[in-house]
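I have placed the structure first, in the form of structure tokens, so that the comments after it can refer back to it.
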Amino acid sequence: MIRYLNDHDESFRLEHPEWTSGLYFPLANEHGVMSSISPNLSGDLKISQNAFLLPPVSIENLHNDKSSRNIWVKVNGEILWSATGKSSSQEAQLFTDKKETTVLEAGFMHQKTERTSSFGLKAEITSYVPSEDVLVEVTGVTLTNTSSEAMDVEVFSATPIYGRSADNIRDHRHVTALLHRVHTEKFGVSVCPTMSFDERGHQKNTVSYGAYGAMDGEAPLGFVTTIKDFIGEGGSLENPRYFTKPTPLAKEGETSEGFEALGGLQFGKRTLLPGESTFYSFLLTFKDEMDSSEDSVLAYLEKDQFENGLEKTIKYWREKVNIRVNTSSSSFNQWMRWVAFQPFLRRIYGCSFLPHHDYGKGGRGWRDLWQDCLALLIMEPSKVREMLLQNFAGVRIDGTNATIIGMNPGEFVADRNNITRVWMDHAMWPFLTTHLYIQQTGDLKLLQEETTYFSDPQIHRGEKKDPAWKQEHKNLLMDAQEKPYKGTVLEHILVEHLTAVHDVGAHGHLKIHGADWNDALDMADKNGESVAFTAMYAKNLEDIADLLMELKKEGHNAVDLTSQLQVLLQTSTSDFSSIEKKKERLTMYLNTPFTGERKSFFLEEIIGSLRTKAAFMKEWIRSNEWLETEDGHGFFNGYYDNHKRPVEGSFSGGLRMMLTSQVFSVMSSTAEESQLKKIVRACDAHLYDPKIGGYKLNTNFHEVKMDLGRMFGFAYGHKENGAVFSHMTVMYGYALYQRGLAKEGYKALNTLFAHCADFENSKIYPGIPEYIDPEGRGTYHYLTGSASWMLLSVVTQMFGVRGRLGDLYFHPQLVSEQFDMEGKASILLPFSGKSFKILYVNERNLSPDVYKVQEILLNGETYPFHEGIPQIRKEDLMTLSEKNLHEVTLILD
């Protein structure tokens, strides 16, 4: 069982962690270090796809591989014991009464394990990655004699140094070992391969990898630098021959080459009296030989520096995760700390580099980029504006976009393998995030900021290649004078949306192309349609129009846009209702050579065009895609397959229904009030299973549906085919809150939380995974957009704290059971550069459909309602101190 150490922070404790398979923990910093570590110190360590210090691992490697950060102890010259539990004898005792007592404790970016042997030696191992600008993973080991007799201990740390690209795990694994040059230094072993063999070709290597250690500040006696010398003939990393038939130790200054490297550090004998301890420190480091800066990481070998670095790291991340909720459930309060931490992990790791996330080669996808910004808007809003501007530079003039984001700001790649592919939902997310930013800040000026467009050989929304494209333009769109063209953020948004809503299939809904939000709906590129996202594009058109109305109020009457947009903006109502005419308009737009010519458009004209299109799209869905079943339920069909057939409804094999279709029909307000309750009942009847976390992504289609997507090849209940997919479950809860269904929204979010927090069933550390499998196990932990959406849902919908054009607005929807014994619930968060504690007082324990905000107190003083709206106005926020915590108390009645 997971137990939090106290009510004030996120640290937790788990006994006998080895009895649960697949546990791993992320250790990282914002300067490049990315580690995964299991309770027995397996896992890997890297700074990029091409620079792994430890061998790269997938989830199956955690129990299959013998490679680890192992620490061996020889006791009294006879007993051989692994302080991490990674020996063949300890593995054999794991499920017997001889199993050692083990405890794991962890918090943000640090892990501690305790292991107590039967002969009276206890090891406490703490690992972390410093938050400072250093490329190092640090481990401290304290050995304590818990027996009544003195004992002699000799420590040997054995860490295989892989030292190359992840590609080489099965591509020239042996040959790349021949590149290794191993050098011994005073405190350890460094490996600097001569070259790198990976997807970039044969290049001179500049990265060295090191394993260093000290015993109470003293250097090792010597080193074993190759795996072959350590394990010996017939041995293994869990049963090495070295301890029965030692090889001569290498001394400082020696070199070996051409074999798999080992950071093997042998320390001298230390006698421990009863109750006495000794401290060992270990570093795994990266160093770029091109970097001439002083290497200061060896300072972490000193115990004081080790402890100071740990303290600073804990403090840094606790301050970084600056959202705290306080409800009647302390478990939920602390679980939300981990959820708020996860978006930071996604920024560091992207969608790769943890054991479940064994795909990709680093970086984030387009959708990830924008959804991660949702969390940043809540926690670090000051950093978002520039990011938004940089991100919009990934948009093409045909409304599509680069799909992979590089490590540097504004760096884009068409796709991992230059595949021509369009995800039809991609254009929807940038405005969703931008809209939230503008509401949080009131920064309408962002719409008129200018940025470039992405350009590559892919044109006509992925249908053609451009033979005239020039490499020397460096992926920038050029005007007729071959100068980089810049358009406003508003122009980028309109280009994305207007091209998308004209790109329709046979039923008048947006073509699915390569896939929509569900990447596994990837086999309907010719005739597939996404009704679900057609609804969301319509909602975006309405929200864009609303923002333009605000621009009008500020005195703007017209905006300059690329003249090409005229053909899409001026579509008449009769043209837009015609599928063929919409396609013709899009073809005209795409076939017009881009010159960079600008035209002034009246805002009133744009607003009218957007509203007309949105209204038609929503009504078209309502008229054509609403389904009623014999059992009295109702829901929307959300897709058409590659044979132009509706995907959802009643079929001979049973009812087919997808959660995504209902989420976006509800969130977009395409579902009318009379339809909401029917949708909820249908979801409860056909998709809800509390034993595995709540709402499943779809019913069982009982078909490998080759005309829709690879998801139907997965076993039902796994991943996109019928699992409880956290992302869509959370968005379902968010959508219900948005429409005023607080009780139903709480049910969706709370069922998911309750399952994830139940370690015996979910078998994961605190946080939210990508999905929950049929047996209830949380899978693909940490790197999921679900965390951003959960944070957004809890802050802006459950607690109802959000911006309205820069004003701080309150619309709580906390259910009665969430208030404590005094009828209180609160949240700490930043807003407008200030720190706030928002406290709700519900003394009569009323439900959200009954209570309303009756009184506002700002720092103890009554604050007046403005036009009857419970909010603190932007101009008043600006007068508050940035140093103090400001308390807003809201009386509910």
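Note on naming: chains are A, B, ... as they come in the structure tokens, residues start from 1 per chain, ligands start from 1 in the order shown.
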
If you take only C-alpha atoms and a cut-off of 7 Å, which residues of segment 739-781 of chain A touch segment 694-715 of chain A, and what are their nearest atom pairs and distances in Å to one decimal, in chain and number order, as a Markdown table?
| residue | atom | partner | partner_atom | distance |
| --- | --- | --- | --- | --- |
| A:Ala748 | CA | A:Gly694 | CA | 6.5 |
| A:Thr751 | CA | A:Gly694 | CA | 5.7 |
| A:Leu752 | CA | A:Gly694 | CA | 5.9 |

Please provide as a PDB file with C-alpha atoms, in the first residue's frame all residues within 10 Å of Arg396 of chain A, with the sequence filter that same-chain residues fewer than 6 positions apart are discarded (counting only C-alpha atoms).
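out-v5.pdb, freshly written:
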ATOM      1  CA  ALA A 402       5.009  20.059 -38.695  1.00  0.00           C
ATOM      2  CA  THR A 452       6.627  32.870 -39.705  1.00  0.00           C
ATOM      3  CA  TYR A 453       5.137  29.755 -41.326  1.00  0.00           C
ATOM      4  CA  PHE A 454       6.665  26.302 -41.664  1.00  0.00           C
ATOM      5  CA  SER A 455       7.405  25.156 -45.200  1.00  0.00           C
ATOM      6  CA  ASP A 456       8.643  21.859 -46.621  1.00  0.00           C
ATOM      7  CA  GLN A 458       4.570  18.699 -48.315  1.00  0.00           C
ATOM      8  CA  ILE A 459       1.708  20.787 -49.757  1.00  0.00           C
ATOM      9  CA  HIS A 460      -2.021  20.559 -50.509  1.00  0.00           C
ATOM     10  CA  ARG A 461      -2.753  19.169 -47.027  1.00  0.00           C
ATOM     11  CA  ASN A 475      11.715  25.472 -43.733  1.00  0.00           C
ATOM     12  CA  LEU A 476      10.443  29.058 -43.927  1.00  0.00           C
ATOM     13  CA  LEU A 477       7.574  30.146 -46.167  1.00  0.00           C
ATOM     14  CA  HIS A 492      -2.402  31.420 -38.566  1.00  0.00           C
ATOM     15  CA  VAL A 495      -5.674  29.480 -42.012  1.00  0.00           C
ATOM     16  CA  GLU A 496      -5.769  26.358 -39.834  1.00  0.00           C
TER      17      GLU A 496
END

Q: Select from segment 406-547 of chain A everything DSSP, run on the backbone, classes as alpha helix (DSSP H), then give the selection as an NGL selection string.
A: :A and (428-441 or 489-502 or 531-547)

Q: Any chance you could list, as a PyMOL selection string, the residues in segment 65-311 of chain A that come up strand (DSSP E or B) when DSSP is run on the backbone?
A: chain A and resi 70-75+79-82+101-107+110-116+121-128+136-145+151-161+164+181-184+188-191+195-198+201-204+207-215+218+222-226+236+239+250+255-257+261-266+270-272+277-288

Convert the current residue selection to file output with C-alpha atoms, as a tab-separated table (two decimals), in the first residue's frame.
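Output file again_25.tsv follows:
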chain	number	residue	atom	x	y	z
A	70	ASN	CA	24.40	-2.78	-8.75
A	71	ILE	CA	26.26	-2.33	-5.47
A	72	TRP	CA	27.89	-5.44	-4.07
A	73	VAL	CA	29.05	-5.88	-0.48
A	74	LYS	CA	31.36	-8.62	0.77
A	75	VAL	CA	30.83	-9.10	4.50
A	79	ILE	CA	29.05	-13.30	2.56
A	80	LEU	CA	28.33	-11.74	-0.83
A	81	TRP	CA	25.31	-9.44	-0.77
A	82	SER	CA	23.75	-7.00	-3.24
A	101	THR	CA	12.70	-6.40	4.37
A	102	THR	CA	12.64	-3.59	1.82
A	103	VAL	CA	11.03	-0.16	1.81
A	104	LEU	CA	10.89	2.48	-0.91
A	105	GLU	CA	10.33	6.18	-0.34
A	106	ALA	CA	10.09	8.71	-3.14
A	107	GLY	CA	9.32	12.33	-3.89
A	110	HIS	CA	14.41	11.49	-5.78
A	111	GLN	CA	14.09	7.89	-4.65
A	112	LYS	CA	15.27	6.13	-1.49
A	113	THR	CA	15.29	2.39	-0.84
A	114	GLU	CA	16.09	0.59	2.40
A	115	ARG	CA	17.11	-3.07	2.48
A	116	THR	CA	17.90	-5.00	5.65
A	121	LEU	CA	23.52	-5.10	7.51
A	122	LYS	CA	21.17	-2.35	6.35
A	123	ALA	CA	21.60	-0.37	3.11
A	124	GLU	CA	19.90	2.96	2.56
A	125	ILE	CA	20.25	4.05	-1.07
A	126	THR	CA	19.17	7.52	-2.21
A	127	SER	CA	19.25	8.48	-5.88
A	128	TYR	CA	18.46	11.82	-7.49
A	136	VAL	CA	24.85	13.76	-13.49
A	137	GLU	CA	22.80	11.20	-11.59
A	138	VAL	CA	23.82	10.96	-7.95
A	139	THR	CA	23.45	8.00	-5.59
A	140	GLY	CA	24.32	7.87	-1.90
A	141	VAL	CA	24.58	4.59	-0.01
A	142	THR	CA	24.69	4.36	3.75
A	143	LEU	CA	25.63	0.95	5.16
A	144	THR	CA	24.74	0.42	8.81
A	145	ASN	CA	25.69	-2.49	11.05
A	151	MET	CA	31.65	-6.64	10.74
A	152	ASP	CA	34.05	-5.96	7.89
A	153	VAL	CA	32.52	-4.68	4.63
A	154	GLU	CA	34.07	-4.34	1.18
A	155	VAL	CA	31.99	-2.56	-1.46
A	156	PHE	CA	32.16	-3.00	-5.22
A	157	SER	CA	29.86	-1.00	-7.51
A	158	ALA	CA	29.23	-2.62	-10.88
A	159	THR	CA	27.49	-0.40	-13.46
A	160	PRO	CA	27.65	-1.40	-17.13
A	161	ILE	CA	28.48	1.67	-19.23
A	164	ARG	CA	26.17	5.03	-27.28
A	181	ARG	CA	38.03	3.77	-25.07
A	182	VAL	CA	37.98	3.31	-21.30
A	183	HIS	CA	40.13	5.44	-19.00
A	184	THR	CA	40.60	5.15	-15.26
A	188	GLY	CA	36.30	6.29	-11.35
A	189	VAL	CA	36.02	5.16	-14.93
A	190	SER	CA	35.24	7.20	-18.04
A	191	VAL	CA	34.30	5.91	-21.48
A	195	MET	CA	32.95	7.43	-33.10
A	196	SER	CA	29.18	7.09	-33.11
A	197	PHE	CA	27.30	4.77	-35.46
A	198	ASP	CA	23.65	5.78	-35.58
A	201	GLY	CA	25.96	8.32	-39.99
A	202	HIS	CA	29.55	7.80	-38.83
A	203	GLN	CA	30.55	10.79	-36.76
A	204	LYS	CA	33.35	11.66	-34.40
A	207	VAL	CA	30.38	12.67	-25.44
A	208	SER	CA	32.10	10.79	-22.63
A	209	TYR	CA	30.35	8.73	-19.98
A	210	GLY	CA	31.61	8.31	-16.43
A	211	ALA	CA	31.04	6.21	-13.31
A	212	TYR	CA	32.67	7.63	-10.19
A	213	GLY	CA	32.54	6.85	-6.49
A	214	ALA	CA	33.97	7.51	-3.07
A	215	MET	CA	33.85	5.94	0.41
A	218	GLU	CA	38.16	8.31	-0.17
A	222	GLY	CA	41.06	0.24	-8.18
A	223	PHE	CA	38.78	-0.62	-11.03
A	224	VAL	CA	37.38	-3.35	-13.26
A	225	THR	CA	36.72	-1.72	-16.61
A	226	THR	CA	35.10	-4.43	-18.73
A	236	SER	CA	26.57	-13.02	-15.16
A	239	ASN	CA	26.31	-14.03	-10.32
A	250	ALA	CA	43.19	-1.40	-12.95
A	255	THR	CA	43.32	2.37	-20.49
A	256	SER	CA	41.37	-0.47	-22.04
A	257	GLU	CA	39.50	-0.60	-25.32
A	261	ALA	CA	32.63	-1.23	-20.53
A	262	LEU	CA	31.98	-1.49	-16.80
A	263	GLY	CA	32.11	1.15	-14.14
A	264	GLY	CA	33.53	-1.35	-11.65
A	265	LEU	CA	34.79	0.41	-8.52
A	266	GLN	CA	36.46	-1.59	-5.75
A	270	ARG	CA	35.86	-0.91	6.38
A	271	THR	CA	35.10	-2.30	9.87
A	272	LEU	CA	31.71	-1.32	11.22
A	277	SER	CA	27.58	3.48	9.48
A	278	THR	CA	29.71	4.32	6.47
A	279	PHE	CA	28.75	6.43	3.45
A	280	TYR	CA	29.46	5.75	-0.21
A	281	SER	CA	28.65	8.15	-3.04
A	282	PHE	CA	28.34	7.32	-6.72
A	283	LEU	CA	28.01	9.48	-9.82
A	284	LEU	CA	26.97	8.61	-13.36
A	285	THR	CA	27.99	11.51	-15.58
A	286	PHE	CA	27.99	12.84	-19.13
A	287	LYS	CA	30.53	15.28	-20.47
A	288	ASP	CA	30.74	16.81	-23.92

With a distance cut-off of 9 Å and only C-alpha atoms, select the neighbouring residues of Lys361 of chain A, excluding the residue or stretch itself and same-chain residues fewer than 5 positions from it, and output the selection as a PDB file with N, CA and C atoms, in the first residue's frame.
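Once written, selection-v3.pdb looks like this:
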ATOM      1  N   SER A  48      20.048  11.947 -24.578  1.00  0.00           N
ATOM      2  CA  SER A  48      19.396  12.039 -25.882  1.00  0.00           C
ATOM      3  C   SER A  48      19.269  10.632 -26.450  1.00  0.00           C
ATOM      4  N   GLN A  49      18.620  10.523 -27.591  1.00  0.00           N
ATOM      5  CA  GLN A  49      18.491   9.238 -28.276  1.00  0.00           C
ATOM      6  C   GLN A  49      19.857   8.651 -28.605  1.00  0.00           C
ATOM      7  N   ASN A  50      20.823   9.512 -28.838  1.00  0.00           N
ATOM      8  CA  ASN A  50      22.142   9.058 -29.265  1.00  0.00           C
ATOM      9  C   ASN A  50      23.175   9.039 -28.152  1.00  0.00           C
ATOM     10  N   ALA A 166      20.769   4.591 -28.618  1.00  0.00           N
ATOM     11  CA  ALA A 166      19.769   3.538 -28.415  1.00  0.00           C
ATOM     12  C   ALA A 166      19.630   2.670 -29.652  1.00  0.00           C
ATOM     13  N   CYS A 351       7.742  12.333 -25.383  1.00  0.00           N
ATOM     14  CA  CYS A 351       6.916  11.124 -25.326  1.00  0.00           C
ATOM     15  C   CYS A 351       7.773   9.875 -25.390  1.00  0.00           C
ATOM     16  N   SER A 352       9.046  10.020 -25.080  1.00  0.00           N
ATOM     17  CA  SER A 352       9.973   8.895 -25.145  1.00  0.00           C
ATOM     18  C   SER A 352      10.729   8.788 -23.822  1.00  0.00           C
ATOM     19  N   PHE A 353      11.641   7.811 -23.775  1.00  0.00           N
ATOM     20  CA  PHE A 353      12.675   7.758 -22.741  1.00  0.00           C
ATOM     21  C   PHE A 353      12.227   7.291 -21.360  1.00  0.00           C
ATOM     22  N   ARG A 416       8.892  12.177 -37.935  1.00  0.00           N
ATOM     23  CA  ARG A 416      10.099  11.464 -37.518  1.00  0.00           C
ATOM     24  C   ARG A 416      10.854  10.893 -38.703  1.00  0.00           C
TER      25      ARG A 416
END

Q. Quick one: distance from atom CA of Asp398 of chain A to atom CA of Trp429 of chain A in Å, one decimal?
A.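 Calculated distance between atom CA of Asp398 of chain A and atom CA of Trp429 of chain A is 16.4 Å.
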
(Q) Which residues are close to segment 839-847 of chain A, i.e. within 8 Å by only C-alpha atoms, leaving aside same-chain residues fewer than 4 positions away? Reply as a list in words. (A)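 My list of contacting residues is Leu814, Val815, Ser816, Phe819, Glu822, Gly823, Lys824, Ala825, Ser826, Ile827, Tyr851, Glu887, Val888, Thr889, Leu890, Ile891, Leu892 and Asp893 of chain A.
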
Once you have the residues from the selection above, write them out as a short mmCIF file (atom, residue, chain, number, x, y, z; two decimals), in the first residue's frame, restricted to all heavy atoms.
data_model
loop_
_atom_site.label_atom_id
_atom_site.label_comp_id
_atom_site.auth_asym_id
_atom_site.auth_seq_id
_atom_site.Cartn_x
_atom_site.Cartn_y
_atom_site.Cartn_z
N LEU A 814 -17.57 22.33 -6.82
CA LEU A 814 -17.19 21.31 -5.85
C LEU A 814 -18.46 20.66 -5.29
O LEU A 814 -19.39 21.37 -4.87
CB LEU A 814 -16.39 21.93 -4.71
CG LEU A 814 -15.00 22.48 -5.07
CD1 LEU A 814 -14.62 23.61 -4.13
CD2 LEU A 814 -13.97 21.37 -5.04
N VAL A 815 -18.51 19.35 -5.26
CA VAL A 815 -19.67 18.67 -4.68
C VAL A 815 -19.53 18.68 -3.16
O VAL A 815 -18.45 18.90 -2.61
CB VAL A 815 -19.81 17.23 -5.22
CG1 VAL A 815 -20.02 17.25 -6.73
CG2 VAL A 815 -18.61 16.37 -4.86
N SER A 816 -20.64 18.45 -2.48
CA SER A 816 -20.68 18.64 -1.02
C SER A 816 -19.67 17.77 -0.29
O SER A 816 -19.08 18.19 0.72
CB SER A 816 -22.09 18.38 -0.49
OG SER A 816 -22.54 17.10 -0.88
N PHE A 819 -15.98 19.16 0.60
CA PHE A 819 -15.70 20.15 1.64
C PHE A 819 -15.36 19.42 2.95
O PHE A 819 -15.91 18.36 3.24
CB PHE A 819 -16.90 21.07 1.83
CG PHE A 819 -17.16 21.96 0.65
CD1 PHE A 819 -18.00 21.55 -0.37
CD2 PHE A 819 -16.57 23.21 0.56
CE1 PHE A 819 -18.24 22.36 -1.46
CE2 PHE A 819 -16.80 24.03 -0.54
CZ PHE A 819 -17.63 23.60 -1.56
N GLU A 822 -15.43 21.51 8.34
CA GLU A 822 -15.82 22.91 8.59
C GLU A 822 -16.50 23.52 7.37
O GLU A 822 -16.78 24.72 7.34
CB GLU A 822 -14.60 23.74 8.98
CG GLU A 822 -13.96 23.29 10.28
CD GLU A 822 -12.74 24.13 10.61
OE1 GLU A 822 -12.19 24.78 9.69
OE2 GLU A 822 -12.34 24.14 11.79
N GLY A 823 -16.73 22.69 6.34
CA GLY A 823 -17.37 23.20 5.13
C GLY A 823 -16.44 24.02 4.27
O GLY A 823 -16.88 24.92 3.56
N LYS A 824 -15.14 23.68 4.30
CA LYS A 824 -14.16 24.47 3.56
C LYS A 824 -13.41 23.62 2.53
O LYS A 824 -13.21 22.42 2.72
CB LYS A 824 -13.14 25.10 4.51
CG LYS A 824 -13.74 26.12 5.48
CD LYS A 824 -12.69 26.66 6.44
CE LYS A 824 -13.30 27.68 7.40
NZ LYS A 824 -12.30 28.21 8.36
N ALA A 825 -13.02 24.26 1.46
CA ALA A 825 -12.13 23.67 0.46
C ALA A 825 -11.33 24.82 -0.14
O ALA A 825 -11.85 25.93 -0.32
CB ALA A 825 -12.92 22.95 -0.63
N SER A 826 -10.06 24.56 -0.45
CA SER A 826 -9.22 25.67 -0.94
C SER A 826 -8.23 25.18 -1.98
O SER A 826 -7.98 23.99 -2.12
CB SER A 826 -8.47 26.31 0.24
OG SER A 826 -7.58 25.38 0.83
N ILE A 827 -7.67 26.15 -2.66
CA ILE A 827 -6.65 25.87 -3.67
C ILE A 827 -5.63 27.00 -3.66
O ILE A 827 -6.00 28.18 -3.54
CB ILE A 827 -7.28 25.70 -5.07
CG1 ILE A 827 -6.21 25.34 -6.11
CG2 ILE A 827 -8.06 26.93 -5.50
CD1 ILE A 827 -6.79 24.90 -7.45
N TYR A 851 -25.81 26.06 -4.47
CA TYR A 851 -25.07 27.21 -3.92
C TYR A 851 -24.60 28.17 -5.00
O TYR A 851 -24.41 27.81 -6.16
CB TYR A 851 -23.91 26.77 -3.05
CG TYR A 851 -22.76 26.02 -3.72
CD1 TYR A 851 -21.95 26.61 -4.70
CD2 TYR A 851 -22.44 24.71 -3.32
CE1 TYR A 851 -20.89 25.93 -5.26
CE2 TYR A 851 -21.37 24.03 -3.88
CZ TYR A 851 -20.61 24.63 -4.85
OH TYR A 851 -19.55 23.97 -5.43
N GLU A 887 -5.24 36.04 0.02
CA GLU A 887 -6.32 35.10 0.32
C GLU A 887 -7.66 35.67 -0.14
O GLU A 887 -8.04 36.78 0.23
CB GLU A 887 -6.38 34.78 1.81
CG GLU A 887 -7.43 33.72 2.13
CD GLU A 887 -7.23 33.08 3.49
OE1 GLU A 887 -6.07 32.93 3.92
OE2 GLU A 887 -8.24 32.73 4.13
N VAL A 888 -8.34 34.88 -0.95
CA VAL A 888 -9.68 35.24 -1.41
C VAL A 888 -10.63 34.23 -0.78
O VAL A 888 -10.52 33.02 -1.01
CB VAL A 888 -9.80 35.19 -2.94
CG1 VAL A 888 -11.20 35.58 -3.38
CG2 VAL A 888 -8.76 36.09 -3.59
N THR A 889 -11.54 34.72 0.04
CA THR A 889 -12.54 33.86 0.67
C THR A 889 -13.88 34.10 -0.01
O THR A 889 -14.32 35.25 -0.16
CB THR A 889 -12.66 34.16 2.17
OG1 THR A 889 -11.37 33.97 2.78
CG2 THR A 889 -13.68 33.25 2.83
N LEU A 890 -14.50 33.01 -0.42
CA LEU A 890 -15.79 33.11 -1.09
C LEU A 890 -16.83 32.34 -0.29
O LEU A 890 -16.68 31.13 -0.04
CB LEU A 890 -15.71 32.57 -2.52
CG LEU A 890 -14.70 33.33 -3.40
CD1 LEU A 890 -13.50 32.45 -3.70
CD2 LEU A 890 -15.33 33.85 -4.66
N ILE A 891 -17.87 33.04 0.14
CA ILE A 891 -18.94 32.45 0.94
C ILE A 891 -20.00 31.91 -0.01
O ILE A 891 -20.54 32.64 -0.85
CB ILE A 891 -19.56 33.47 1.90
CG1 ILE A 891 -18.46 34.20 2.71
CG2 ILE A 891 -20.57 32.79 2.81
CD1 ILE A 891 -17.60 33.27 3.54
N LEU A 892 -20.27 30.62 0.13
CA LEU A 892 -21.25 29.96 -0.73
C LEU A 892 -22.55 29.75 0.05
O LEU A 892 -22.54 29.31 1.20
CB LEU A 892 -20.72 28.60 -1.21
CG LEU A 892 -19.35 28.60 -1.89
CD1 LEU A 892 -18.95 27.17 -2.27
CD2 LEU A 892 -19.35 29.49 -3.12
N ASP A 893 -23.66 30.05 -0.59
CA ASP A 893 -24.95 29.83 0.05
C ASP A 893 -26.04 29.79 -1.00
O ASP A 893 -25.79 30.05 -2.18
CB ASP A 893 -25.22 30.92 1.09
CG ASP A 893 -26.12 30.42 2.21
OD1 ASP A 893 -26.70 29.30 2.05
OD2 ASP A 893 -26.26 31.12 3.22
#

(Q) Excluding segment 509-519 of chain A and its own-chain neighbours fewer than 5 positions away, which residues fall within 6 Å of it when counting only C-alpha atoms? Please give them as a PyMOL selection string. (A) chain A and resi 421-425+503-504+525+528-531+534

Just to be explicit: take each residue in the selection above, keep N, CA and C atoms, and write the result as a PDB file, in the first residue's frame.
ATOM      1  N   ARG A 421       2.036  12.962 -43.707  1.00  0.00           N
ATOM      2  CA  ARG A 421       0.866  12.543 -42.944  1.00  0.00           C
ATOM      3  C   ARG A 421       0.216  13.746 -42.287  1.00  0.00           C
ATOM      4  N   VAL A 422      -1.106  13.751 -42.293  1.00  0.00           N
ATOM      5  CA  VAL A 422      -1.867  14.845 -41.696  1.00  0.00           C
ATOM      6  C   VAL A 422      -2.802  14.270 -40.635  1.00  0.00           C
ATOM      7  N   TRP A 423      -2.710  14.800 -39.420  1.00  0.00           N
ATOM      8  CA  TRP A 423      -3.691  14.491 -38.385  1.00  0.00           C
ATOM      9  C   TRP A 423      -4.732  15.603 -38.401  1.00  0.00           C
ATOM     10  N   MET A 424      -5.991  15.226 -38.638  1.00  0.00           N
ATOM     11  CA  MET A 424      -6.990  16.257 -38.893  1.00  0.00           C
ATOM     12  C   MET A 424      -7.334  17.087 -37.654  1.00  0.00           C
ATOM     13  N   ASP A 425      -7.022  16.605 -36.461  1.00  0.00           N
ATOM     14  CA  ASP A 425      -7.338  17.364 -35.254  1.00  0.00           C
ATOM     15  C   ASP A 425      -6.281  18.406 -34.908  1.00  0.00           C
ATOM     16  N   ASP A 503     -12.336  20.976 -45.791  1.00  0.00           N
ATOM     17  CA  ASP A 503     -11.727  19.706 -46.190  1.00  0.00           C
ATOM     18  C   ASP A 503     -12.615  18.554 -45.707  1.00  0.00           C
ATOM     19  N   VAL A 504     -13.706  18.326 -46.428  1.00  0.00           N
ATOM     20  CA  VAL A 504     -14.754  17.428 -45.938  1.00  0.00           C
ATOM     21  C   VAL A 504     -14.868  16.166 -46.783  1.00  0.00           C
ATOM     22  N   ASP A 525      -7.828   6.948 -44.408  1.00  0.00           N
ATOM     23  CA  ASP A 525      -7.327   8.208 -44.940  1.00  0.00           C
ATOM     24  C   ASP A 525      -8.061   8.690 -46.185  1.00  0.00           C
ATOM     25  N   GLY A 528     -12.542   8.301 -44.615  1.00  0.00           N
ATOM     26  CA  GLY A 528     -12.920   8.434 -43.226  1.00  0.00           C
ATOM     27  C   GLY A 528     -13.233   9.873 -42.851  1.00  0.00           C
ATOM     28  N   GLU A 529     -14.169  10.041 -41.899  1.00  0.00           N
ATOM     29  CA  GLU A 529     -14.547  11.375 -41.417  1.00  0.00           C
ATOM     30  C   GLU A 529     -14.642  11.349 -39.896  1.00  0.00           C
ATOM     31  N   SER A 530     -14.254  12.457 -39.270  1.00  0.00           N
ATOM     32  CA  SER A 530     -14.340  12.601 -37.820  1.00  0.00           C
ATOM     33  C   SER A 530     -15.433  13.604 -37.484  1.00  0.00           C
ATOM     34  N   VAL A 531     -16.598  13.080 -37.155  1.00  0.00           N
ATOM     35  CA  VAL A 531     -17.705  13.933 -36.736  1.00  0.00           C
ATOM     36  C   VAL A 531     -17.351  14.606 -35.412  1.00  0.00           C
ATOM     37  N   THR A 534     -15.265  17.581 -36.008  1.00  0.00           N
ATOM     38  CA  THR A 534     -16.039  18.591 -36.735  1.00  0.00           C
ATOM     39  C   THR A 534     -16.770  19.465 -35.728  1.00  0.00           C
TER      40      THR A 534
END

**Q.** Pick from A:Pro766, A:Gly596, A:Gly163, A:Pro484, whichever lies nearest to Phe259 of chain A using only C-alpha atoms
**A.**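 Using only C-alpha atoms, the shortest distance to Phe259 of chain A belongs to A:Gly163.
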
Q. Which of these residues is nearest to Val297 of chain A, using only C-alpha atoms: A:Ile856, A:Ser665, A:Ser574, A:Asp133?
A.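 Distance minimum relative to Val297 of chain A lands on A:Asp133.
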
Q: Skip Gly487 of chain A itself and residues of its chain fewer than 4 positions away, then list as a ChimeraX atom specification all residues within 12 Å of it, counting only C-alpha atoms.
A: /A:389,392-393,395-397,447-454,477-479,491-495,559-563,596-599

Q) Could you pull the residues within 12 Å of Leu94 of chain A, counting only C-alpha atoms, minus those fewer than 6 positions along the same chain, as number ranges by chain? A) A: 16-20, 85-88, 100-102

Which segment 441-526 of chain A residues have any atom within 12 Å of an atom of segment 864-879 of chain A, and for each, what is the nearest pair of atoms with distance in Å to one decimal, counting only C-alpha atoms, rows sorted by chain and number, as JSON lines?
{"residue": "A:Thr441", "atom": "CA", "partner": "A:Lys874", "partner_atom": "CA", "distance": 8.7}
{"residue": "A:Gly442", "atom": "CA", "partner": "A:Lys874", "partner_atom": "CA", "distance": 8.3}
{"residue": "A:Asp443", "atom": "CA", "partner": "A:Lys874", "partner_atom": "CA", "distance": 11.3}
